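J.: Right, I'll just put the structure down here and ask away after.
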Amino acid sequence: MKNKRTITDGERRMSRNSLLTIDDYLTVTIISANEPKRIECGVTDNYDMFKDFFGNRSKNLKRAEKISTEMKTYGNFSSVQCIRDGRFLLVWDGQHVLEAAKKAGKHVNYDVYDKVPEDILILKNKYTKQWTLGNFHNHGLDREFPESLKVEQFMQKSKRVLGKRIELTASLRLLSNVYSNEAYKGRTFKIAKGNKSDLILGYLKDYSKHIDFSASSKFCTSLLNVVNTGLYDHKVMLKQLNKASRKLHNQLQVRDVVYGIQECYNYGRHTNVDFMLACRFYNVR
C-alpha cells in the first residue's frame, strides 16, 4: 500500500462525491477498531435499568436538585453516558442528570459506548473541578490502587499520632517529596524512596503538644521545606517550643509559616538560622 493515510471525518463530509480507496478504508478501519464508539442511544423512563459505574464519586444531591428544578421548566435536554452490562446500563458520566430526571419525573436520554477504558472516570474527570482530590482518593480506595492504599495508611497513622489526619495534599507531598496533586489524579503518583514522612510525623507529634494545627497542610509542608534545608535540628526546636511556641501561626501561605518556624527556632539564640533564605523565600521581610 503506497501513500497510505487516514481520511478524517471532515474530509469525508467535504468530499461527499469522492470515493474512499480500499487502502484508505482499511486504514480508517484499523485505526478506529479499538477506540470507544457510541453503539446505541435511546430514551427511557425506566430508571431501574441504570446503575452507577464502579468507583464513581458520591452524588451531590443539592446539585441534582438544582438541575431537577430546571428540568421541570425546560425538560431534559442532556444525556447520560453508559456502558452496557447485560440488561443494565452503567453510568460513567451524567449521574447528576440521571438523579435530576428521577426527581423531576422526566425521561432519560442515554448513549451507550463500547470499549470504554477501565480508567474512564479518571480520564474524564482529572481536568474538571467537579472531582476533587478527595474524590480521586476515594476512587483509588474503591479500586484498591496500591498507592492510594498506602496514602490512606499514612493518613490513618497520622490521626493516631496527632489526633487529626494530615490533609491529603500534604500527605502526598510528604510521601513523594514534591507537590503531587495532579500526578495523583492522573495515576502517575509515586512514593519516593527514603521519603521523610515518618520523620516529619514524629516531629509533628512534638509540635502538637504546643499548637493545634500541626496536621494542617500548610504547616506540614512548611516543616518539610525547613527540614529539607539540612539546617534544622529538632533537639534545638524542642527547647525552643517551650519558650517561643507563640511564634508559630497557621498562616495562609507556606512562606509565612516558614517564617514563624524560623522565629521560634531563633528566639533568644545567639546564632540565628535563615530558613527563609534556605527555602528560597527572598525579600519577604
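Ordering of the C-alpha cells sets the chain letters (A, B, ...); residue numbers start at 1 within each chain; ligands are numbered from 1 in the order shown.
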Going by DSSP on the backbone, which bits of region 194-235 of chain A are alpha helix (DSSP H)? Write them as a list of chain:residue names, please.

T.: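 After running DSSP on the backbone, region 194-235 of chain A has alpha helix (DSSP H) at A:Ser197, A:Asp198, A:Leu199, A:Ile200, A:Leu201, A:Gly202, A:Tyr203, A:Leu204, A:Lys205, A:Asp206, A:Tyr207, A:Ser217, A:Lys218, A:Phe219, A:Cys220, A:Thr221, A:Ser222, A:Leu223, A:Leu224, A:Asn225, A:Val226, A:Val227, A:Asn228, A:His234, A:Lys235.
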
J.: Taking 2 positions as the minimum chain separation for residues in the same chain, which residues sit within 8 Å of region 236-240 of chain A when counting only C-alpha atoms? Answer as a PyMOL selection string.

T.: chain A and resi 206+233-234+242-245+264-267

J.: I need the residue nearest Phe136 (chain A) from this list: A:Ala278, A:Ala183, A:Ala100, A:Val112. Use only C-alpha atoms for the distance.

T.: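 Checking each of A:Ala278, A:Ala183, A:Ala100, A:Val112 against Phe136 (chain A), counting only C-alpha atoms, the winner is A:Ala183.
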
J.: Using only C-alpha atoms, which protein or nucleic acid residues come within 8 Å of Tyr259 (chain A)? Drop anything in the same chain fewer than 4 positions from it, and give the result as an mmCIF file with N, CA and C atoms, in the first residue's frame.

T.:
data_model
loop_
_atom_site.group_PDB
_atom_site.id
_atom_site.type_symbol
_atom_site.label_atom_id
_atom_site.label_comp_id
_atom_site.auth_asym_id
_atom_site.auth_seq_id
_atom_site.Cartn_x
_atom_site.Cartn_y
_atom_site.Cartn_z
ATOM 1 N N ARG A 255 5.275 30.344 52.999
ATOM 2 C CA ARG A 255 6.421 31.181 53.364
ATOM 3 C C ARG A 255 6.212 31.855 54.712
ATOM 4 N N GLU A 263 11.260 32.093 63.385
ATOM 5 C CA GLU A 263 11.222 32.986 64.547
ATOM 6 C C GLU A 263 11.255 32.201 65.851
ATOM 7 N N PHE A 275 16.135 30.122 57.683
ATOM 8 C CA PHE A 275 15.364 29.131 56.932
ATOM 9 C C PHE A 275 14.695 29.755 55.715
ATOM 10 N N MET A 276 14.321 31.029 55.822
ATOM 11 C CA MET A 276 13.654 31.705 54.709
ATOM 12 C C MET A 276 14.539 31.708 53.463
#

J.: Which residues are near Tyr74 (chain A)? Cut-off 12 Å, only C-alpha atoms, ignore same chain within fewer than 6 positions. Put them as a list in words.

T.: Ile67, Ser68, Ala101, Ala104 and Lys106 of chain A

J.: With C-alpha atoms retained, write the just-selected residues as a compact mmCIF listing (two decimals), in the first residue's frame.

T.:
# COMPACT_ATOMS: atom_id res chain seq x y z
CA ILE A 67 -30.81 20.51 37.74
CA SER A 68 -34.16 18.92 38.54
CA ALA A 101 -34.52 13.24 35.88
CA ALA A 104 -38.37 15.71 38.07
CA LYS A 106 -38.57 13.23 33.27
